[in-house]
file structure29.cif (mmCIF, C-alpha atoms and all ligand atoms)
data_coords
#
loop_
_atom_site.label_atom_id
_atom_site.label_comp_id
_atom_site.auth_asym_id
_atom_site.auth_seq_id
_atom_site.Cartn_x
_atom_site.Cartn_y
_atom_site.Cartn_z
CA MET V 21 -23.29 20.04 -2.02
CA LEU V 22 -22.36 18.94 1.47
CA ASP V 23 -20.81 21.09 4.15
CA LYS V 24 -17.31 22.47 4.19
CA LEU V 25 -14.97 19.52 4.22
CA ILE V 26 -11.26 19.16 4.84
CA PHE V 27 -9.11 16.60 3.10
CA VAL V 28 -6.55 15.35 5.64
CA ILE V 29 -3.45 13.72 4.21
CA ASN V 30 -0.81 11.84 6.16
CA CYS V 31 2.03 10.68 3.91
CA GLY V 32 4.17 8.03 5.63
CA SER V 33 7.35 6.53 4.21
CA SER V 34 5.54 3.69 2.43
CA SER V 35 1.92 4.44 3.18
CA LEU V 36 -0.68 7.19 2.96
CA LYS V 37 -3.56 7.72 5.34
CA PHE V 38 -6.45 9.97 4.37
CA LYS V 39 -9.68 11.28 5.77
CA ILE V 40 -12.41 13.60 4.62
CA ILE V 41 -13.65 15.40 7.69
CA ASP V 42 -16.33 17.93 8.51
CA PRO V 43 -14.42 19.90 11.18
CA ILE V 44 -17.50 21.72 12.44
CA LYS V 45 -19.67 18.65 12.93
CA LYS V 46 -16.55 16.67 13.93
CA LYS V 47 -17.62 14.00 11.51
CA THR V 48 -15.46 11.77 9.33
CA LEU V 49 -17.16 11.06 6.00
CA LEU V 50 -14.51 8.93 4.37
CA PHE V 51 -11.28 7.42 5.58
CA GLY V 52 -8.71 5.04 4.31
CA LEU V 53 -5.18 3.87 3.95
CA ALA V 54 -2.89 2.93 1.09
CA GLU V 55 0.09 0.81 2.07
CA ASN V 56 2.98 -1.42 0.99
CA PHE V 57 4.09 1.09 -1.64
CA HIS V 58 7.47 -0.50 -2.18
CA ASN V 59 6.45 -4.04 -2.94
CA ASN V 60 4.13 -5.80 -5.30
CA ASN V 61 1.12 -6.15 -3.07
CA SER V 62 0.23 -2.53 -2.55
CA ILE V 63 -3.33 -1.87 -1.60
CA ILE V 64 -5.76 0.97 -0.97
CA LYS V 65 -8.62 0.47 1.48
CA TRP V 66 -11.31 2.96 2.30
CA ASN V 67 -14.55 3.29 4.15
CA PHE V 68 -17.42 5.48 2.95
CA ASN V 69 -20.99 5.41 4.25
CA GLU V 70 -20.08 2.42 6.41
CA LYS V 71 -19.11 0.46 3.33
CA LYS V 72 -15.60 -0.95 3.11
CA LYS V 73 -13.75 -1.15 -0.20
CA LYS V 74 -10.28 -2.16 -1.26
CA ILE V 75 -8.28 -2.33 -4.44
CA LYS V 76 -5.02 -4.26 -4.84
CA PHE V 77 -2.44 -3.06 -7.31
CA TYR V 78 0.08 -5.94 -7.55
CA ASN V 79 2.83 -3.49 -8.42
CA LYS V 80 4.84 -0.78 -6.75
CA ILE V 81 2.93 2.45 -6.33
CA THR V 82 3.89 6.00 -5.39
CA HIS V 83 2.33 8.71 -3.25
CA LYS V 84 1.72 10.68 -6.42
CA PHE V 85 -0.18 7.81 -7.98
CA ILE V 86 -2.32 7.22 -4.91
CA LEU V 87 -3.26 10.90 -4.50
CA ASN V 88 -4.42 11.02 -8.12
CA TYR V 89 -6.29 7.75 -7.69
CA LEU V 90 -7.94 9.02 -4.54
CA VAL V 91 -9.28 12.17 -6.12
CA GLU V 92 -10.25 10.76 -9.52
CA LYS V 93 -11.60 7.36 -8.53
CA ILE V 94 -12.84 7.83 -5.00
CA LEU V 95 -13.63 11.44 -4.11
CA LYS V 96 -15.17 12.43 -7.44
CA LYS V 97 -17.20 9.23 -7.59
CA ASN V 98 -18.54 9.72 -4.08
CA LEU V 99 -19.45 13.34 -4.74
CA LEU V 100 -17.20 14.65 -1.98
CA TYR V 101 -14.90 16.51 -4.32
CA ASP V 102 -16.92 19.73 -4.64
CA SER V 103 -17.27 20.17 -0.90
CA ILE V 104 -13.57 20.09 -0.08
CA ILE V 105 -12.47 23.58 0.90
CA GLY V 106 -9.00 22.86 2.19
CA ILE V 107 -6.24 20.31 2.58
CA GLY V 108 -4.50 19.59 5.88
CA HIS V 109 -1.13 17.87 5.70
CA ARG V 110 0.45 16.13 8.64
CA ILE V 111 4.11 17.18 8.57
CA VAL V 112 6.46 15.25 10.82
CA HIS V 113 9.19 17.83 11.43
CA GLY V 114 8.97 21.59 11.49
CA GLY V 115 12.42 22.23 12.97
CA GLU V 116 12.55 25.37 15.11
CA LYS V 117 10.73 27.47 12.54
CA PHE V 118 7.15 26.39 13.13
CA ILE V 119 5.45 26.88 16.46
CA ASN V 120 1.97 26.57 14.96
CA SER V 121 0.19 25.18 11.94
CA VAL V 122 0.64 27.39 8.85
CA LEU V 123 -0.74 28.01 5.39
CA ILE V 124 1.69 26.41 2.96
CA THR V 125 3.49 28.96 0.79
CA ASP V 126 6.61 28.39 -1.31
CA THR V 127 8.74 29.66 1.59
CA VAL V 128 7.03 27.29 4.03
CA LEU V 129 7.62 24.41 1.63
CA GLU V 130 11.33 25.31 1.49
CA GLU V 131 11.51 25.24 5.29
CA ILE V 132 9.78 21.85 5.41
CA LYS V 133 12.38 20.60 2.93
CA LYS V 134 15.18 21.98 5.14
CA ALA V 135 13.81 20.15 8.18
CA SER V 136 14.14 16.88 6.18
CA ILE V 137 17.56 16.30 7.74
CA PHE V 138 15.73 15.45 10.98
CA ALA V 139 12.96 13.37 9.36
CA PRO V 140 14.48 11.97 6.17
CA LEU V 141 11.84 9.27 5.74
CA HIS V 142 8.90 11.62 6.10
CA ASN V 143 9.42 15.30 5.25
CA PRO V 144 10.59 14.78 1.63
CA ILE V 145 7.55 12.60 0.91
CA GLN V 146 5.24 15.08 2.59
CA VAL V 147 6.67 17.82 0.34
CA ILE V 148 5.81 15.62 -2.64
CA GLY V 149 2.28 15.29 -1.23
CA VAL V 150 1.82 19.07 -1.05
CA LYS V 151 3.21 19.65 -4.55
CA GLU V 152 1.08 16.92 -6.04
CA MET V 153 -2.11 18.23 -4.46
CA LYS V 154 -1.40 21.64 -6.00
CA LYS V 155 -1.53 19.96 -9.40
CA ILE V 156 -4.48 17.71 -8.71
CA LEU V 157 -6.68 20.33 -7.05
CA PRO V 158 -5.36 23.65 -8.44
CA HIS V 159 -8.34 25.58 -7.10
CA LEU V 160 -7.13 24.66 -3.57
CA LYS V 161 -3.47 25.41 -4.15
CA ASN V 162 -3.58 28.30 -1.68
CA LYS V 163 -5.69 26.39 0.80
CA GLN V 164 -3.17 23.82 1.95
CA VAL V 165 -2.13 23.84 5.59
CA ALA V 166 0.84 22.19 7.31
CA VAL V 167 0.23 20.76 10.78
CA PHE V 168 3.51 19.79 12.42
CA ASP V 169 4.11 16.97 14.93
CA THR V 170 6.79 19.15 16.49
CA ALA V 171 4.92 22.48 16.75
CA PHE V 172 3.19 21.88 20.10
CA HIS V 173 6.57 21.24 21.73
CA GLN V 174 8.13 24.50 20.61
CA THR V 175 7.13 25.97 23.99
CA ILE V 176 9.47 23.67 25.93
CA PRO V 177 12.17 25.70 27.70
CA ILE V 178 15.83 25.51 26.76
CA LYS V 179 16.69 23.49 29.89
CA SER V 180 14.36 20.75 28.61
CA TYR V 181 15.44 20.77 25.00
CA LEU V 182 19.22 21.06 25.18
CA TYR V 183 21.37 17.93 25.14
CA ALA V 184 24.61 18.14 27.10
CA LEU V 185 26.75 18.12 23.97
CA PRO V 186 29.21 20.84 22.96
CA ILE V 187 26.93 23.83 22.44
CA ILE V 188 27.96 24.20 18.80
CA PHE V 189 25.86 21.15 18.00
CA TYR V 190 22.81 23.14 18.98
CA LYS V 191 23.88 26.58 17.83
CA LYS V 192 25.18 25.55 14.43
CA TYR V 193 23.49 22.22 13.71
CA LYS V 194 20.24 22.69 15.65
CA ILE V 195 20.58 19.36 17.42
CA ARG V 196 18.09 19.51 20.29
CA ARG V 197 14.90 17.91 21.57
CA TYR V 198 11.99 18.61 19.20
CA GLY V 199 9.54 15.96 20.38
CA ALA V 200 6.76 14.39 18.34
CA HIS V 201 3.07 13.39 18.55
CA GLY V 202 2.43 17.09 19.22
CA THR V 203 -0.91 17.09 17.44
CA SER V 204 -2.14 14.21 19.57
CA HIS V 205 -0.86 15.65 22.86
CA LYS V 206 -2.43 19.01 22.01
CA TYR V 207 -5.76 17.41 21.07
CA VAL V 208 -6.13 15.25 24.18
CA THR V 209 -5.02 18.14 26.41
CA GLN V 210 -7.82 20.31 25.01
CA ILE V 211 -10.37 17.55 25.46
CA ALA V 212 -9.21 16.79 29.02
CA ALA V 213 -9.38 20.47 30.05
CA LYS V 214 -12.96 20.65 28.73
CA PHE V 215 -13.82 17.33 30.39
CA LEU V 216 -12.66 18.65 33.77
CA ASN V 217 -14.08 22.09 33.11
CA ILE V 218 -10.76 23.86 33.57
CA LYS V 219 -9.61 26.69 31.30
CA LEU V 220 -6.91 25.43 28.94
CA HIS V 221 -4.49 28.20 29.90
CA ASN V 222 -4.69 27.06 33.54
CA PHE V 223 -4.59 23.36 32.82
CA ASN V 224 -1.65 21.15 33.90
CA CYS V 225 -1.43 17.51 32.91
CA ILE V 226 0.75 14.61 31.83
CA SER V 227 -0.23 13.19 28.49
CA CYS V 228 0.79 9.58 27.73
CA HIS V 229 0.45 8.75 24.04
CA LEU V 230 1.12 5.02 23.93
CA GLY V 231 0.92 3.43 20.49
CA ASN V 232 3.41 1.76 18.19
CA GLY V 233 5.39 4.91 18.83
CA SER V 234 5.01 6.19 22.38
CA SER V 235 5.73 9.53 23.96
CA ILE V 236 4.86 11.38 27.12
CA THR V 237 4.51 15.12 27.58
CA ALA V 238 4.39 17.41 30.60
CA ILE V 239 1.90 20.21 30.00
CA ASN V 240 1.81 23.31 32.16
CA ASN V 241 -0.84 26.00 31.63
CA GLY V 242 -1.88 24.25 28.42
CA LYS V 243 1.67 24.30 26.99
CA SER V 244 4.22 21.55 26.49
CA ILE V 245 7.15 22.00 28.89
CA ASP V 246 8.92 18.69 28.39
CA THR V 247 8.51 15.62 26.26
CA SER V 248 10.16 12.24 25.95
CA MET V 249 10.91 12.08 22.23
CA GLY V 250 14.01 13.94 21.19
CA LEU V 251 15.76 15.06 18.03
CA THR V 252 13.89 12.15 16.47
CA PRO V 253 11.10 9.82 17.64
CA LEU V 254 13.66 7.22 18.77
CA GLU V 255 14.26 8.65 22.24
CA GLY V 256 12.18 8.13 25.35
CA LEU V 257 9.79 5.34 26.27
CA VAL V 258 10.11 1.71 25.24
CA MET V 259 8.08 1.43 22.01
CA GLY V 260 6.72 -1.26 19.70
CA THR V 261 9.94 -1.75 17.77
CA ARG V 262 12.01 1.30 18.85
CA CYS V 263 14.44 1.07 21.74
CA GLY V 264 13.71 4.42 23.42
CA ASN V 265 16.41 5.54 25.89
CA ILE V 266 19.63 3.56 25.75
CA ASP V 267 23.22 4.34 26.64
CA PRO V 268 24.64 5.87 23.42
CA ALA V 269 27.84 3.88 24.03
CA ILE V 270 25.91 0.73 23.02
CA ILE V 271 26.07 1.98 19.45
CA PHE V 272 29.88 2.16 19.58
CA TYR V 273 30.00 -1.30 21.10
CA MET V 274 27.84 -2.69 18.29
CA PHE V 275 29.97 -0.89 15.71
CA ASN V 276 33.49 -1.48 17.09
CA GLU V 277 33.19 -4.81 18.84
CA LEU V 278 30.32 -6.55 17.05
CA ASN V 279 31.21 -5.14 13.60
CA PHE V 280 27.68 -4.09 12.68
CA ASP V 281 27.55 -1.29 10.11
CA MET V 282 25.62 1.89 10.83
CA ASP V 283 22.61 1.01 8.67
CA THR V 284 22.22 -2.32 10.46
CA ILE V 285 22.49 -0.65 13.87
CA TYR V 286 19.89 1.94 12.89
CA ASN V 287 17.62 -0.84 11.69
CA ILE V 288 18.05 -2.74 14.97
CA LEU V 289 17.30 0.32 17.11
CA THR V 290 14.27 1.44 15.12
CA LYS V 291 12.70 -1.77 13.80
CA LYS V 292 13.94 -4.70 15.87
CA SER V 293 14.02 -3.36 19.41
CA GLY V 294 11.38 -2.23 21.91
CA MET V 295 8.69 -4.78 22.78
CA LEU V 296 9.37 -6.80 19.63
CA GLY V 297 13.05 -7.07 20.48
CA LEU V 298 12.52 -7.87 24.15
CA THR V 299 9.77 -10.46 23.67
CA ASN V 300 11.26 -11.84 20.47
CA ILE V 301 7.62 -12.48 19.52
CA THR V 302 5.54 -9.38 18.97
CA SER V 303 4.97 -5.68 19.53
CA ASP V 304 1.19 -6.15 19.59
CA PHE V 305 -0.14 -5.28 23.03
CA ARG V 306 -3.31 -7.32 22.50
CA TYR V 307 -1.15 -10.44 22.39
CA ILE V 308 1.15 -9.10 25.10
CA GLU V 309 -1.76 -8.46 27.45
CA GLU V 310 -3.22 -11.91 26.86
CA ASN V 311 0.08 -13.61 27.55
CA TYR V 312 1.48 -11.49 30.38
CA PHE V 313 0.90 -14.20 32.97
CA LYS V 314 1.64 -17.08 30.61
CA ASN V 315 4.98 -16.19 29.06
CA ASN V 316 7.93 -15.02 31.12
CA ASP V 317 9.67 -13.11 28.27
CA ILE V 318 6.46 -11.17 27.69
CA LYS V 319 6.14 -10.45 31.40
CA ILE V 320 9.69 -9.15 31.63
CA ALA V 321 9.35 -6.98 28.50
CA THR V 322 6.09 -5.51 29.78
CA ASP V 323 7.64 -4.81 33.16
CA VAL V 324 10.46 -2.91 31.42
CA PHE V 325 7.84 -0.91 29.49
CA ILE V 326 5.91 -0.10 32.68
CA HIS V 327 9.07 0.71 34.65
CA ASN V 328 10.10 3.31 32.06
CA LEU V 329 6.64 4.81 31.80
CA THR V 330 6.38 5.07 35.59
CA LYS V 331 9.74 6.85 35.81
CA TYR V 332 8.63 9.45 33.27
CA ILE V 333 5.26 10.08 34.92
CA ALA V 334 6.93 10.45 38.31
CA SER V 335 9.62 12.80 37.06
CA TYR V 336 7.17 14.99 35.13
CA SER V 337 4.93 15.10 38.19
CA VAL V 338 7.83 16.38 40.23
CA LEU V 339 8.72 18.93 37.53
CA MET V 340 5.25 20.38 38.04
CA ASN V 341 5.34 20.16 41.86
CA ASN V 342 2.63 17.51 41.51
CA LYS V 343 0.23 20.38 40.80
CA ILE V 344 -1.37 18.52 37.97
CA HIS V 345 -5.03 18.25 37.12
CA ALA V 346 -4.84 14.95 35.24
CA ILE V 347 -2.91 12.13 33.67
CA ILE V 348 -4.18 11.32 30.19
CA PHE V 349 -3.88 7.92 28.51
CA THR V 350 -4.22 7.86 24.73
CA GLY V 351 -2.95 5.98 21.64
CA GLY V 352 -3.82 2.33 20.88
CA ILE V 353 -2.25 1.06 24.11
CA GLY V 354 -3.22 4.00 26.32
CA GLU V 355 -6.83 3.82 25.12
CA ASN V 356 -7.19 0.05 25.46
CA SER V 357 -4.63 -1.68 27.63
CA THR V 358 -6.17 -2.01 31.09
CA LEU V 359 -3.12 -3.99 32.19
CA ILE V 360 -0.59 -1.27 31.34
CA ARG V 361 -2.75 1.43 32.93
CA GLU V 362 -3.36 -0.54 36.10
CA LYS V 363 0.20 -1.72 36.63
CA THR V 364 1.66 1.72 35.93
CA ILE V 365 -0.72 3.67 38.14
CA LYS V 366 -0.31 1.17 41.02
CA LYS V 367 3.32 2.25 41.24
CA LEU V 368 2.37 5.91 41.57
CA LYS V 369 0.37 5.89 44.83
CA ILE V 370 2.97 8.07 46.50
CA LEU V 371 2.07 10.83 44.05
CA ASN V 372 -1.68 10.50 44.70
CA PHE V 373 -2.63 8.50 41.66
CA PHE V 374 -5.12 5.71 42.34
CA ILE V 375 -6.83 3.61 39.70
CA ASP V 376 -10.42 2.35 39.95
CA LYS V 377 -10.30 -1.22 38.60
CA LYS V 378 -13.94 -1.26 37.52
CA LEU V 379 -13.72 2.02 35.65
CA ASN V 380 -10.42 0.94 34.13
CA ASN V 381 -12.22 -2.02 32.58
CA ILE V 382 -15.05 0.11 31.25
CA PHE V 383 -13.11 2.80 29.44
CA LYS V 384 -11.59 1.24 26.36
CA TYR V 385 -12.43 0.73 22.68
CA GLY V 386 -12.93 4.41 21.95
CA LYS V 387 -14.66 5.50 25.14
CA ILE V 388 -13.61 8.62 26.99
CA GLY V 389 -13.76 8.54 30.78
CA LEU V 390 -12.27 8.80 34.23
CA ILE V 391 -10.55 5.66 35.51
CA SER V 392 -9.36 6.99 38.89
CA THR V 393 -10.88 6.76 42.35
CA ASN V 394 -12.39 9.75 44.15
CA PHE V 395 -9.18 10.26 46.17
CA SER V 396 -6.94 10.34 43.15
CA ILE V 397 -5.68 13.04 40.87
CA PRO V 398 -7.93 12.41 37.85
CA ILE V 399 -6.72 9.82 35.35
CA ILE V 400 -8.55 10.06 32.03
CA VAL V 401 -8.69 7.86 28.98
CA ILE V 402 -9.14 9.92 25.82
CA PRO V 403 -9.17 8.48 22.30
CA THR V 404 -6.88 10.62 20.24
CA ASN V 405 -7.95 12.03 16.90
CA GLU V 406 -5.01 13.66 15.18
CA GLU V 407 -6.88 13.92 11.89
CA LEU V 408 -9.78 15.80 13.45
CA MET V 409 -7.27 18.18 15.02
CA ILE V 410 -5.55 18.65 11.63
CA SER V 411 -8.92 19.35 9.98
CA GLN V 412 -9.85 21.89 12.65
CA GLU V 413 -6.49 23.68 12.45
CA THR V 414 -6.75 23.73 8.64
CA PHE V 415 -10.27 25.16 8.81
CA LYS V 416 -9.23 27.86 11.29
CA ILE V 417 -6.25 28.92 9.20
CA ILE V 418 -8.20 29.03 5.95
CA TYR V 419 -10.94 31.14 7.53
CA LYS V 420 -8.43 33.13 9.62
CA ILE V 421 -10.21 32.17 12.85
CA LYS V 422 -8.13 32.85 16.00
P1 LIG Z 501 0.38 4.06 15.89
O1 LIG Z 501 1.53 4.60 16.69
O2 LIG Z 501 0.81 3.21 14.74
O3 LIG Z 501 -0.68 5.08 15.54
P2 LIG Z 501 -1.68 2.95 17.61
O4 LIG Z 501 -1.94 4.18 18.39
O5 LIG Z 501 -2.73 2.47 16.67
O6 LIG Z 501 -0.29 3.00 16.89
O7 LIG Z 501 -1.39 1.79 18.68
C1 LIG Z 501 -1.02 0.51 18.29
C2 LIG Z 501 -0.82 -0.32 19.54
O8 LIG Z 501 -2.04 -0.36 20.28
C3 LIG Z 501 -0.43 -1.75 19.25
O9 LIG Z 501 0.59 -2.18 20.14
C4 LIG Z 501 -1.71 -2.50 19.55
O10 LIG Z 501 -1.44 -3.80 19.96
C5 LIG Z 501 -2.26 -1.68 20.69
N1 LIG Z 501 -3.70 -1.96 20.85
C6 LIG Z 501 -4.69 -1.75 19.98
N2 LIG Z 501 -5.86 -2.23 20.47
C7 LIG Z 501 -5.58 -2.78 21.67
C8 LIG Z 501 -6.36 -3.45 22.67
N3 LIG Z 501 -7.66 -3.65 22.52
N4 LIG Z 501 -5.73 -3.85 23.80
C9 LIG Z 501 -4.41 -3.64 23.97
N5 LIG Z 501 -3.63 -3.03 23.07
C10 LIG Z 501 -4.19 -2.60 21.93
#
call {"tool": "encode", "arguments": {"input": "structure29.cif", "output": "structure tokens"}}
result
Amino acid sequence: MLDKLIFVINCGSSSLKFKIIDPIKKKTLLFGLAENFHNNNSIIKWNFNEKKKKIKFYNKITHKFILNYLVEKILKKNLLYDSIIGIGHRIVHGGEKFINSVLITDTVLEEIKKASIFAPLHNPIQVIGVKEMKKILPHLKNKQVAVFDTAFHQTIPIKSYLYALPIIFYKKYKIRRYGAHGTSHKYVTQIAAKFLNIKLHNFNCISCHLGNGSSITAINNGKSIDTSMGLTPLEGLVMGTRCGNIDPAIIFYMFNELNFDMDTIYNILTKKSGMLGLTNITSDFRYIEENYFKNNDIKIATDVFIHNLTKYIASYSVLMNNKIHAIIFTGGIGENSTLIREKTIKKLKILNFFIDKKLNNIFKYGKIGLISTNFSIPIIVIPTNEELMISQETFKIIYKIK
């Protein structure tokens, strides 16, 4: 038997990511992804002992099917099954109820279901994931933990989370800023505090999680005090295919004057906007970076992205009286795009942020490091690892470790 392992499950709307992690050794033993659930070329890919495998299904599959497949055909075969001592579920929305990760009881499951109104594509499927795992691994039915994307942001003060709508929309309908990517922001904040040798409860930083979805968080004394995503992950920065901040009146214009129905508008704002919409080519920053100086549409789109990011960093800096210990870059773009980092930081000299070009070119592809000059407030690149964080939180909750 191996060490104590945690099975981390991330059920997306038409995909499922999984990892088997040793949270003590911080080691991933197996990881994989099943995707394209709703069409006829669904596939599961996984990596174990540095060997890659994949199976195609040629039919529609469900989360239930894949979880059973995973346990029966992959985990049992690779002898990992007996070492799993807990299951950590990524849960997208915890509403106002959950300020921390929790052991999943029937009451907790009910609350996760209730929060589905704010994450209709994710929470219901994640509830299915929890219920299914109870059946598949009954001996672990009381060892399942929910780790919420929203929990880290439950410390943001009311002035940051209220929208200026009639107050009934908050009081009765709970419409407010909840934020997202909390697990990632929390993880990189902890790593950055350690890296700079500052106690977490004294640590102030701005965390930029830039991936397909992007969000930025102001962290004061180790706690989130403001974040760019809102009621849903549509608000805030320009993203891969999401629009981020727009004038809400645009929606009425599209509806009343352009005669788009609501589903179409939602689809445009979430799937056809952002970098994909602006470039009309791609949301892939590898391509964007390569073509920044070659294609004017790409240049303009990237400048819009950088402009928005700069505004957020500057405003969060001011919120914290510029008494910050670091800016953190994480997520696929934050960890790798030297262009975005350089162009953004160059605009922030007035706030004492200076990038070191050489270091900026070194720290990418999974490396953690400082990319600022000696005169600058530290700027750190930190690869995020939400699954490791989920496994560690799950382990702590199961063993009641504070
Ligand atoms: P998700 O939000 O889906 O987890 P990721 O954090 O994986 O997204 O980030 C995906 C983004 O990171 C994509 O835009 C991708 O182009 C970008 N990215 C990945 N690798 C690089 C790279 N080497 N250089 C620039 N951008 C990159």
call {"tool": "residues_near_ligand", "arguments": {"input": "structure29.cif", "ligand": "ligand LIG 501 (chain Z)", "cutoff": "8 Å", "atoms": "all atoms listed in the file", "output": "list in words"}}
result
His229, Leu230, Gly231, Asn232, Gly233, Ser234, Gly260, Ser303, Asp304, Phe305, Arg306, Tyr307, Ile308, Glu309, Thr350, Gly351, Gly352, Ile353, Gly354, Glu355, Asn356, Ser357, Thr358, Lys384 and Tyr385 of chain V
call {"tool": "closest_residue", "arguments": {"input": "structure29.cif", "among": "V:Lys45, V:His173, V:Lys192, V:His142", "to": "His205 in chain V", "atoms": "all atoms listed in the file"}}
result
V:His173
call {"tool": "residues_around", "arguments": {"input": "structure29.cif", "residues": "range 248-256 of chain V", "least_positions_apart": "4", "cutoff": "7 Å", "atoms": "only C-alpha atoms", "output": "list in words"}}
result
Phe138, Ile195, Arg196, Arg197, Tyr198, Gly199, Ala200, Ser235, Ile236, Thr237, Arg262, Cys263, Gly264, Asn265 and Thr290 of chain V
call {"tool": "closest_atom_pairs", "arguments": {"input": "structure29.cif", "of": "range 391-418 of chain V", "to": "range 209-213 of chain V", "cutoff": "12 Å", "atoms": "only C-alpha atoms", "output": "tab-separated table"}}
result
residue	atom	partner	partner_atom	distance
V:Pro398	CA	V:Ala212	CA	9.9
V:Ile399	CA	V:Ala212	CA	9.7
V:Ile400	CA	V:Ala212	CA	7.4
V:Val401	CA	V:Ala212	CA	8.9
V:Ile402	CA	V:Ala212	CA	7.6
V:Pro403	CA	V:Ile211	CA	9.7
V:Thr404	CA	V:Ile211	CA	9.4
V:Asn405	CA	V:Ile211	CA	10.5
V:Met409	CA	V:Gln210	CA	10.2
call {"tool": "residues_around", "arguments": {"input": "structure29.cif", "residues": "range 143-147 of chain V", "least_positions_apart": "5", "cutoff": "9 Å", "atoms": "all atoms listed in the file", "output": "ChimeraX atom specification"}}
result
/V:29-33,83,109-114,129-130,132-138,152
call {"tool": "closest_residue", "arguments": {"input": "structure29.cif", "among": "V:Thr364, V:Gln174, V:Asn279, V:Ser392", "to": "Thr247 in chain V", "atoms": "all atoms listed in the file"}}
result
V:Gln174
